[in-house]
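*Asks:* File run.cif below, mmCIF, C-alpha atoms and all ligand atoms:
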data_start
loop_
_atom_site.label_atom_id
_atom_site.label_comp_id
_atom_site.auth_asym_id
_atom_site.auth_seq_id
_atom_site.Cartn_x
_atom_site.Cartn_y
_atom_site.Cartn_z
CA MET A 1 11.42 14.30 6.06
CA LEU A 2 8.44 12.38 7.45
CA TYR A 3 5.63 11.77 4.99
CA ILE A 4 2.62 10.66 6.94
CA GLY A 5 -1.08 10.34 6.19
CA CYS A 6 -3.94 7.90 6.22
CA HIS A 7 -6.46 6.18 4.02
CA LEU A 8 -9.04 8.70 2.79
CA SER A 9 -12.34 8.35 0.96
CA SER A 10 -12.06 9.23 -2.73
CA VAL A 11 -15.83 9.74 -3.15
CA LYS A 12 -15.54 13.55 -3.31
CA GLY A 13 -12.49 13.59 -5.55
CA PHE A 14 -8.80 14.44 -5.35
CA GLU A 15 -8.96 18.06 -4.25
CA ASN A 16 -11.18 17.08 -1.35
CA MET A 17 -8.71 14.39 -0.25
CA GLY A 18 -5.89 16.93 -0.45
CA LYS A 19 -7.80 19.37 1.74
CA GLU A 20 -8.75 16.67 4.24
CA ALA A 21 -5.11 15.59 4.40
CA LEU A 22 -4.02 19.14 5.22
CA GLU A 23 -6.71 19.43 7.90
CA ILE A 24 -5.40 16.40 9.77
CA GLY A 25 -1.71 17.30 9.46
CA ALA A 26 -0.95 14.82 6.66
CA ASN A 27 1.36 15.30 3.69
CA THR A 28 0.47 12.09 1.86
CA PHE A 29 -2.55 9.76 1.78
CA GLN A 30 -3.96 6.57 0.36
CA PHE A 31 -7.24 6.09 -1.50
CA PHE A 32 -9.15 3.35 -3.30
CA THR A 33 -9.12 3.71 -7.06
CA ARG A 34 -12.79 2.62 -7.10
CA ASN A 35 -15.27 0.88 -4.85
CA PRO A 36 -13.04 -1.26 -2.58
CA ARG A 37 -14.99 -4.32 -3.66
CA GLY A 38 -14.31 -3.71 -7.34
CA GLY A 39 -16.82 -2.39 -9.84
CA LYS A 40 -16.83 0.58 -12.12
CA ALA A 41 -14.66 3.60 -11.38
CA LYS A 42 -15.92 7.17 -11.55
CA ASP A 43 -14.81 9.23 -14.54
CA ILE A 44 -11.71 11.33 -13.81
CA ASP A 45 -12.55 15.02 -13.35
CA LEU A 46 -9.64 16.81 -15.03
CA GLU A 47 -10.28 20.12 -13.29
CA ASP A 48 -10.38 18.40 -9.91
CA VAL A 49 -7.10 16.64 -10.66
CA LYS A 50 -5.48 19.91 -11.74
CA ARG A 51 -6.55 21.68 -8.52
CA PHE A 52 -5.26 18.76 -6.47
CA LEU A 53 -1.87 18.65 -8.20
CA LYS A 54 -1.40 22.34 -7.46
CA LEU A 55 -2.35 21.87 -3.81
CA ALA A 56 -0.01 18.87 -3.48
CA GLU A 57 2.88 20.81 -4.99
CA GLU A 58 2.29 23.92 -2.87
CA ASN A 59 2.17 21.83 0.29
CA LYS A 60 5.09 19.57 -0.65
CA PHE A 61 3.15 16.32 -0.47
CA GLY A 62 5.05 13.06 -0.69
CA LYS A 63 4.11 10.30 -3.05
CA LEU A 64 0.54 9.05 -2.82
CA VAL A 65 -0.52 5.44 -2.54
CA ALA A 66 -3.51 4.29 -4.53
CA HIS A 67 -4.97 0.98 -3.34
CA ALA A 68 -6.55 -1.56 -5.70
CA PRO A 69 -9.88 -3.06 -4.62
CA TYR A 70 -9.03 -5.69 -2.00
CA THR A 71 -11.40 -8.27 -3.46
CA LEU A 72 -9.35 -8.71 -6.63
CA ASN A 73 -7.58 -12.04 -6.87
CA PRO A 74 -5.05 -12.12 -9.70
CA CYS A 75 -4.07 -15.70 -8.74
CA SER A 76 -7.52 -17.21 -8.42
CA ALA A 77 -8.06 -20.75 -9.73
CA THR A 78 -10.98 -19.37 -11.76
CA LYS A 79 -10.07 -17.69 -15.03
CA LYS A 80 -13.03 -15.31 -14.84
CA VAL A 81 -11.82 -13.99 -11.48
CA ARG A 82 -8.25 -13.55 -12.79
CA ASP A 83 -9.53 -11.80 -15.90
CA PHE A 84 -11.55 -9.41 -13.76
CA ALA A 85 -8.42 -8.51 -11.74
CA LEU A 86 -6.52 -7.98 -14.98
CA MET A 87 -9.24 -5.74 -16.42
CA VAL A 88 -9.54 -3.59 -13.28
CA MET A 89 -5.77 -3.21 -12.84
CA GLU A 90 -5.28 -2.39 -16.50
CA ASP A 91 -7.91 0.34 -16.25
CA ASP A 92 -6.40 1.61 -12.97
CA MET A 93 -2.98 1.91 -14.66
CA LYS A 94 -4.46 4.27 -17.26
CA ARG A 95 -6.22 6.32 -14.57
CA MET A 96 -3.06 6.58 -12.45
CA GLU A 97 -1.32 8.48 -15.24
CA TYR A 98 -3.56 11.49 -14.47
CA ILE A 99 -1.61 11.80 -11.20
CA PRO A 100 1.77 10.74 -12.57
CA GLY A 101 4.64 9.32 -10.56
CA ASN A 102 2.71 7.81 -7.67
CA TYR A 103 2.24 4.29 -6.27
CA TYR A 104 -0.43 1.68 -6.92
CA ASN A 105 -0.60 -0.92 -4.16
CA PHE A 106 -2.36 -4.28 -4.45
CA HIS A 107 -2.77 -7.53 -2.53
CA PRO A 108 -0.99 -10.29 -4.46
CA GLY A 109 -3.95 -12.58 -3.84
CA SER A 110 -4.74 -16.06 -2.56
CA HIS A 111 -3.73 -19.19 -4.44
CA VAL A 112 -6.77 -21.06 -3.04
CA GLY A 113 -5.14 -24.49 -2.94
CA GLN A 114 -3.19 -24.30 -6.20
CA GLY A 115 0.05 -23.88 -4.26
CA ALA A 116 2.24 -20.81 -3.83
CA GLU A 117 4.34 -21.56 -6.90
CA LYS A 118 1.31 -21.62 -9.21
CA GLY A 119 -0.10 -18.53 -7.50
CA ILE A 120 3.13 -16.62 -8.06
CA GLU A 121 3.16 -17.67 -11.71
CA LEU A 122 -0.39 -16.30 -12.19
CA ILE A 123 0.42 -13.00 -10.45
CA VAL A 124 3.55 -12.56 -12.58
CA ASP A 125 1.44 -13.18 -15.67
CA VAL A 126 -1.05 -10.44 -14.75
CA LEU A 127 1.76 -7.98 -13.94
CA ASN A 128 3.57 -8.65 -17.20
CA LYS A 129 0.32 -7.96 -19.04
CA ILE A 130 -0.49 -4.65 -17.35
CA ILE A 131 2.95 -3.03 -16.94
CA LYS A 132 3.90 -0.72 -19.80
CA PRO A 133 7.56 0.40 -19.94
CA GLU A 134 6.48 4.02 -20.43
CA GLN A 135 4.19 4.23 -17.36
CA SER A 136 5.17 6.58 -14.52
CA THR A 137 3.34 4.57 -11.85
CA VAL A 138 5.20 2.07 -9.69
CA ILE A 139 3.08 -0.93 -8.68
CA LEU A 140 3.54 -2.11 -5.10
CA LEU A 141 3.08 -5.63 -3.77
CA GLU A 142 1.71 -5.43 -0.23
CA THR A 143 3.30 -7.64 2.43
CA MET A 144 0.47 -9.85 3.70
CA ALA A 145 -0.36 -11.48 7.05
CA GLY A 146 -0.31 -14.93 5.43
CA LYS A 147 -3.84 -15.85 6.40
CA GLY A 148 -5.41 -18.72 4.49
CA SER A 149 -3.61 -19.21 1.18
CA GLU A 150 -2.48 -15.58 0.85
CA ILE A 151 0.62 -15.00 -1.25
CA GLY A 152 3.04 -12.42 0.13
CA GLY A 153 3.11 -13.60 3.75
CA ASN A 154 6.88 -13.95 3.48
CA PHE A 155 9.60 -11.97 1.71
CA GLU A 156 10.62 -14.94 -0.45
CA GLU A 157 7.26 -14.94 -2.26
CA LEU A 158 7.50 -11.22 -2.96
CA ALA A 159 11.02 -11.72 -4.32
CA ALA A 160 9.80 -14.55 -6.55
CA ILE A 161 7.08 -12.30 -8.03
CA ILE A 162 9.55 -9.48 -8.71
CA ASP A 163 11.93 -11.99 -10.24
CA GLY A 164 9.35 -13.01 -12.85
CA VAL A 165 8.35 -9.50 -13.92
CA HIS A 166 10.05 -8.03 -17.00
CA HIS A 167 9.92 -4.31 -16.10
CA LYS A 168 11.25 -4.56 -12.55
CA ASP A 169 11.71 -0.80 -12.29
CA LYS A 170 7.90 -0.48 -12.26
CA LEU A 171 7.53 -2.80 -9.28
CA GLY A 172 8.13 -2.32 -5.55
CA VAL A 173 6.84 -3.34 -2.12
CA CYS A 174 4.61 -1.69 0.48
CA MET A 175 5.29 -3.03 3.97
CA ASP A 176 2.29 -3.18 6.33
CA THR A 177 3.34 -3.23 10.01
CA CYS A 178 0.25 -5.20 11.12
CA HIS A 179 0.70 -7.71 8.32
CA VAL A 180 4.45 -8.34 8.74
CA SER A 181 4.03 -8.77 12.48
CA ASP A 182 1.10 -11.13 11.93
CA ALA A 183 3.25 -12.98 9.40
CA GLY A 184 5.80 -13.62 12.17
CA TYR A 185 8.45 -10.93 11.59
CA ASP A 186 9.51 -9.41 14.91
CA ILE A 187 9.31 -5.71 14.18
CA ILE A 188 8.66 -4.97 17.86
CA ASN A 189 11.95 -6.23 19.27
CA ASN A 190 14.11 -6.37 16.21
CA PRO A 191 13.13 -4.03 13.37
CA GLU A 192 16.78 -3.90 12.23
CA LYS A 193 16.88 -7.64 11.68
CA VAL A 194 13.56 -7.67 9.79
CA LEU A 195 14.81 -4.97 7.43
CA GLU A 196 18.14 -6.76 7.04
CA GLU A 197 16.28 -9.89 6.05
CA PHE A 198 14.12 -7.91 3.64
CA ASP A 199 17.25 -6.43 2.13
CA LYS A 200 18.85 -9.84 1.68
CA ILE A 201 15.78 -11.42 0.08
CA VAL A 202 14.03 -8.59 -1.78
CA GLY A 203 16.38 -5.59 -1.57
CA LEU A 204 15.68 -2.43 0.41
CA GLU A 205 15.72 -0.38 -2.80
CA LYS A 206 12.40 -2.10 -3.59
CA LEU A 207 10.72 -0.86 -0.43
CA CYS A 208 8.62 2.15 -1.49
CA ALA A 209 5.86 2.71 1.08
CA LEU A 210 4.65 1.71 4.56
CA HIS A 211 1.23 0.93 6.00
CA ILE A 212 1.33 1.92 9.65
CA ASN A 213 -1.13 -0.13 11.71
CA ASP A 214 -1.17 -1.69 15.13
CA SER A 215 -2.34 -5.31 15.31
CA LEU A 216 -5.10 -6.81 17.43
CA ASN A 217 -3.10 -10.04 17.50
CA PRO A 218 0.40 -11.10 18.61
CA ALA A 219 3.25 -11.67 16.14
CA GLY A 220 2.74 -14.74 13.98
CA ALA A 221 -1.05 -14.85 14.45
CA ARG A 222 -1.76 -14.58 10.69
CA LYS A 223 -5.06 -12.86 11.37
CA ASP A 224 -4.83 -9.39 9.76
CA ARG A 225 -6.96 -7.36 12.17
CA HIS A 226 -5.79 -3.76 12.36
CA ALA A 227 -5.84 -1.87 15.66
CA ARG A 228 -5.50 1.82 16.44
CA ILE A 229 -1.94 2.96 17.18
CA GLY A 230 -1.16 2.05 20.78
CA GLU A 231 -4.21 -0.19 21.17
CA GLY A 232 -2.67 -3.37 19.80
CA HIS A 233 0.22 -5.76 20.29
CA LEU A 234 2.80 -3.52 18.58
CA GLY A 235 2.36 -0.33 20.61
CA THR A 236 3.18 3.28 19.82
CA GLU A 237 6.83 3.05 20.84
CA ALA A 238 7.64 0.04 18.67
CA ILE A 239 5.81 1.54 15.71
CA ALA A 240 7.71 4.82 16.03
CA ARG A 241 10.99 2.95 16.44
CA PHE A 242 10.23 1.04 13.25
CA MET A 243 9.36 4.21 11.34
CA LYS A 244 12.64 5.77 12.46
CA GLN A 245 14.81 3.06 10.91
CA PRO A 246 17.26 4.91 8.64
CA ALA A 247 16.43 2.56 5.75
CA LEU A 248 12.82 3.84 5.78
CA GLU A 249 13.66 7.54 5.59
CA GLY A 250 11.37 9.43 3.21
CA LEU A 251 8.89 6.62 2.51
CA PRO A 252 5.19 7.55 2.62
CA CYS A 253 3.64 6.21 5.87
CA VAL A 254 -0.08 5.54 5.59
CA LEU A 255 -2.37 4.73 8.53
CA GLU A 256 -5.13 2.19 7.91
CA THR A 257 -6.39 2.01 11.46
CA PRO A 258 -10.10 1.88 12.37
CA ASN A 259 -10.65 5.64 12.63
CA GLU A 260 -12.61 8.61 11.38
CA LEU A 261 -10.76 11.81 10.41
CA ASP A 262 -10.44 13.14 13.98
CA GLY A 263 -8.94 9.83 15.13
CA TYR A 264 -6.46 9.92 12.27
CA ALA A 265 -5.51 13.52 13.16
CA LYS A 266 -4.68 12.35 16.71
CA GLU A 267 -2.62 9.38 15.49
CA ILE A 268 -0.68 11.52 13.02
CA ASP A 269 0.08 13.97 15.82
CA LEU A 270 1.08 11.14 18.17
CA LEU A 271 3.42 9.59 15.60
CA LYS A 272 4.98 12.91 14.63
CA LYS A 273 5.78 13.57 18.30
CA ALA A 274 7.23 10.09 18.72
CA TYR A 275 9.20 10.46 15.47
CA TYR A 276 10.87 13.81 16.02
FE FE B 1 -4.06 -3.49 1.75
FE FE B 2 -2.27 -2.55 4.44
ZN ZN B 3 -4.74 -5.54 6.56
#
Represent the structure of the file as structure tokens.
Ligand code: FE
Ligand code: FE
Ligand code: ZN
*Replies:*
Amino acid sequence: MLYIGCHLSSVKGFENMGKEALEIGANTFQFFTRNPRGGKAKDIDLEDVKRFLKLAEENKFGKLVAHAPYTLNPCSATKKVRDFALMVMEDDMKRMEYIPGNYYNFHPGSHVGQGAEKGIELIVDVLNKIIKPEQSTVILLETMAGKGSEIGGNFEELAAIIDGVHHKDKLGVCMDTCHVSDAGYDIINNPEKVLEEFDKIVGLEKLCALHINDSLNPAGARKDRHARIGEGHLGTEAIARFMKQPALEGLPCVLETPNELDGYAKEIDLLKKAYY
């Protein structure tokens, strides 16, 4: 079963996202838990959530991916910045329980000169503070392009974070095709080998979701500039070949390409055709 969707605006609530997803041929989607730059989240509308859950069940949606604000930095050198990440993620964890059993993806952050080891230690600390053994949400570390001092630009760093977290069953990975290619993993010519390496270092059972993006830059560029499917250095064929790897069967695939809804509808259609 292919679960495919895209990033949608959460401004009009959950039911609206569900309806938009159906309109563009999606059966999963991603959304920001609040303003992507952080800030206060809207109150949860229980009736809206209830209508959405019904729609999702009736239409056999796959797991959803919530995305934390991308400006959070849980491994900043400044305590105030780390505390803000902790506060937002803690609040997001409570809010996620209204749509139980889904994923919450975040960028591990940038160590800003403290070194990767220190950065990893700080991220582990935040995760151990926010993860409750009874939560139904699985938190996902996003694979990063490795630009600047970003943590998560290689599988070893992700493995080191998971290693330090107590409740490992609440932690997984979301692989972003633009980011891993930018980080230097050859998913165009050798997706099998990249996944083998991931399995050896992190474990494929930890891979929970995919971000499907083309990249404006060649492999190893460490730039993180998303392109529309087929308009970048990966290409439609390589992306579809990657998605078809048996190890990725059933994972939610979320587009984060520069598109409006109609553009997403076309890409979903294109990828479905290439997939089946
Ligand atoms: Fe992201
Ligand atoms: Fe991404
Ligand atoms: Zn990106």
*Asks:* Figure out the distance between atom CA of A:Gln135 and atom CA of A:Glu97, please, to one decimal in Å.
*Replies:* 7.3 Å
*Asks:* Between atom CA of A:Leu248 and atom CA of A:Gly184, what is the distance, to one decimal in Å?
*Replies:*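 Straight-line distance from atom CA of A:Leu248 to atom CA of A:Gly184 works out to 19.9 Å.
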*Asks:* With distances taken over all atoms listed in the file, which residue among A:Ala160, A:Ile151, A:Met144, A:Ile229 lies nearest ligand FE 2 (chain B)?
*Replies:*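 Closest candidate: A:Met144.
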*Asks:* Skipping near chain neighbours, those fewer than 3 positions away, what residues fall within 12 Å of stretch 37-49 of chain A using only C-alpha atoms, listed as a ChimeraX atom specification?
*Replies:* /A:10-19,32-34,52-56,67-73,81,84-89,91-92,94-100
*Asks:* Save out the residues we just selected, C-alpha atoms, as a short mmCIF file (atom, residue, chain, number, x, y, z; two decimals), in the coordinates of the input.
*Replies:*
data_model
loop_
_atom_site.label_atom_id
_atom_site.label_comp_id
_atom_site.auth_asym_id
_atom_site.auth_seq_id
_atom_site.Cartn_x
_atom_site.Cartn_y
_atom_site.Cartn_z
CA SER A 10 -12.06 9.23 -2.73
CA VAL A 11 -15.83 9.74 -3.15
CA LYS A 12 -15.54 13.55 -3.31
CA GLY A 13 -12.49 13.59 -5.55
CA PHE A 14 -8.80 14.44 -5.35
CA GLU A 15 -8.96 18.06 -4.25
CA ASN A 16 -11.18 17.08 -1.35
CA MET A 17 -8.71 14.39 -0.25
CA GLY A 18 -5.89 16.93 -0.45
CA LYS A 19 -7.80 19.37 1.74
CA PHE A 32 -9.15 3.35 -3.30
CA THR A 33 -9.12 3.71 -7.06
CA ARG A 34 -12.79 2.62 -7.10
CA PHE A 52 -5.26 18.76 -6.47
CA LEU A 53 -1.87 18.65 -8.20
CA LYS A 54 -1.40 22.34 -7.46
CA LEU A 55 -2.35 21.87 -3.81
CA ALA A 56 -0.01 18.87 -3.48
CA HIS A 67 -4.97 0.98 -3.34
CA ALA A 68 -6.55 -1.56 -5.70
CA PRO A 69 -9.88 -3.06 -4.62
CA TYR A 70 -9.03 -5.69 -2.00
CA THR A 71 -11.40 -8.27 -3.46
CA LEU A 72 -9.35 -8.71 -6.63
CA ASN A 73 -7.58 -12.04 -6.87
CA VAL A 81 -11.82 -13.99 -11.48
CA PHE A 84 -11.55 -9.41 -13.76
CA ALA A 85 -8.42 -8.51 -11.74
CA LEU A 86 -6.52 -7.98 -14.98
CA MET A 87 -9.24 -5.74 -16.42
CA VAL A 88 -9.54 -3.59 -13.28
CA MET A 89 -5.77 -3.21 -12.84
CA ASP A 91 -7.91 0.34 -16.25
CA ASP A 92 -6.40 1.61 -12.97
CA LYS A 94 -4.46 4.27 -17.26
CA ARG A 95 -6.22 6.32 -14.57
CA MET A 96 -3.06 6.58 -12.45
CA GLU A 97 -1.32 8.48 -15.24
CA TYR A 98 -3.56 11.49 -14.47
CA ILE A 99 -1.61 11.80 -11.20
CA PRO A 100 1.77 10.74 -12.57
#
*Asks:* Please identify every polymer residue within 12 Å of ligand ZN 3 (chain B), using only C-alpha atoms and all ligand atoms, and present the set as an MDAnalysis selection string.
*Replies:* chainID A and resid 67 70 106:107 142:147 150 153 174:183 211:217 222:227 255:258
*Asks:* Interatomic distance between atom CA of A:Ala274 and atom CA of A:Ile188?
*Replies:*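 Distance reported for this atom pair: 15.2 Å.
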*Asks:* Which of these residues is nearest to ligand FE 1 (chain B), using only C-alpha atoms and all ligand atoms: A:Gly152, A:Pro133, A:Gly101, A:Gly25?
*Replies:*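 Going through A:Gly152, A:Pro133, A:Gly101, A:Gly25 one by one, the smallest distance to ligand FE 1 (chain B) is for A:Gly152.
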*Asks:* Model the absent atoms of stretch 11-39 of chain A so that N, CA and C atoms are present, and write the result as a CSV table (one decimal), in the frame of the given file.
*Replies:*
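Result file rebuild.csv:
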chain,number,residue,atom,x,y,z
A,11,VAL,N,-14.5,9.5,-2.6
A,11,VAL,CA,-15.8,9.7,-3.2
A,11,VAL,C,-16.0,11.2,-3.6
A,12,LYS,N,-15.4,12.1,-2.9
A,12,LYS,CA,-15.5,13.6,-3.3
A,12,LYS,C,-14.4,14.1,-4.1
A,13,GLY,N,-13.5,13.2,-4.6
A,13,GLY,CA,-12.5,13.6,-5.6
A,13,GLY,C,-11.1,13.9,-4.9
A,14,PHE,N,-10.2,14.2,-5.8
A,14,PHE,CA,-8.8,14.4,-5.4
A,14,PHE,C,-8.6,15.7,-4.5
A,15,GLU,N,-9.2,16.8,-5.0
A,15,GLU,CA,-9.0,18.1,-4.2
A,15,GLU,C,-9.5,17.9,-2.8
A,16,ASN,N,-10.6,17.3,-2.7
A,16,ASN,CA,-11.2,17.1,-1.4
A,16,ASN,C,-10.2,16.2,-0.5
A,17,MET,N,-9.7,15.2,-1.0
A,17,MET,CA,-8.7,14.4,-0.2
A,17,MET,C,-7.5,15.2,0.2
A,18,GLY,N,-7.0,16.1,-0.8
A,18,GLY,CA,-5.9,16.9,-0.4
A,18,GLY,C,-6.2,17.9,0.7
A,19,LYS,N,-7.4,18.4,0.7
A,19,LYS,CA,-7.8,19.4,1.7
A,19,LYS,C,-8.0,18.6,3.1
A,20,GLU,N,-8.6,17.5,3.0
A,20,GLU,CA,-8.8,16.7,4.2
A,20,GLU,C,-7.4,16.3,4.8
A,21,ALA,N,-6.5,15.9,3.9
A,21,ALA,CA,-5.1,15.6,4.4
A,21,ALA,C,-4.5,16.8,5.2
A,22,LEU,N,-4.6,18.0,4.6
A,22,LEU,CA,-4.0,19.1,5.2
A,22,LEU,C,-4.7,19.4,6.6
A,23,GLU,N,-6.0,19.2,6.6
A,23,GLU,CA,-6.7,19.4,7.9
A,23,GLU,C,-6.2,18.5,9.0
A,24,ILE,N,-5.8,17.3,8.7
A,24,ILE,CA,-5.4,16.4,9.8
A,24,ILE,C,-3.9,16.3,9.9
A,25,GLY,N,-3.2,17.2,9.3
A,25,GLY,CA,-1.7,17.3,9.5
A,25,GLY,C,-1.0,16.3,8.6
A,26,ALA,N,-1.6,15.8,7.5
A,26,ALA,CA,-1.0,14.8,6.7
A,26,ALA,C,-0.3,15.5,5.5
A,27,ASN,N,0.7,14.8,4.9
A,27,ASN,CA,1.4,15.3,3.7
A,27,ASN,C,1.5,14.2,2.7
A,28,THR,N,0.7,13.1,2.8
A,28,THR,CA,0.5,12.1,1.9
A,28,THR,C,-0.8,11.4,2.2
A,29,PHE,N,-1.4,10.5,1.4
A,29,PHE,CA,-2.6,9.8,1.8
A,29,PHE,C,-2.7,8.6,0.8
A,30,GLN,N,-3.6,7.7,1.2
A,30,GLN,CA,-4.0,6.6,0.4
A,30,GLN,C,-5.4,6.7,0.0
A,31,PHE,N,-5.8,6.1,-1.1
A,31,PHE,CA,-7.2,6.1,-1.5
A,31,PHE,C,-7.5,4.9,-2.4
A,32,PHE,N,-8.8,4.4,-2.4
A,32,PHE,CA,-9.2,3.4,-3.3
A,32,PHE,C,-9.4,3.9,-4.7
A,33,THR,N,-8.9,3.2,-5.7
A,33,THR,CA,-9.1,3.7,-7.1
A,33,THR,C,-10.6,3.6,-7.5
A,34,ARG,N,-11.4,2.8,-6.8
A,34,ARG,CA,-12.8,2.6,-7.1
A,34,ARG,C,-13.4,2.0,-5.9
A,35,ASN,N,-14.7,1.6,-6.0
A,35,ASN,CA,-15.3,0.9,-4.8
A,35,ASN,C,-14.3,-0.2,-4.4
A,36,PRO,N,-14.0,-0.3,-3.1
A,36,PRO,CA,-13.0,-1.3,-2.6
A,36,PRO,C,-13.4,-2.7,-3.0
A,37,ARG,N,-14.6,-3.0,-3.3
A,37,ARG,CA,-15.0,-4.3,-3.7
A,37,ARG,C,-15.0,-4.5,-5.2
A,38,GLY,N,-14.4,-3.6,-5.9
A,38,GLY,CA,-14.3,-3.7,-7.3
A,38,GLY,C,-15.4,-2.8,-8.0
A,39,GLY,N,-15.8,-3.2,-9.2
A,39,GLY,CA,-16.8,-2.4,-9.8
A,39,GLY,C,-16.3,-1.2,-10.6
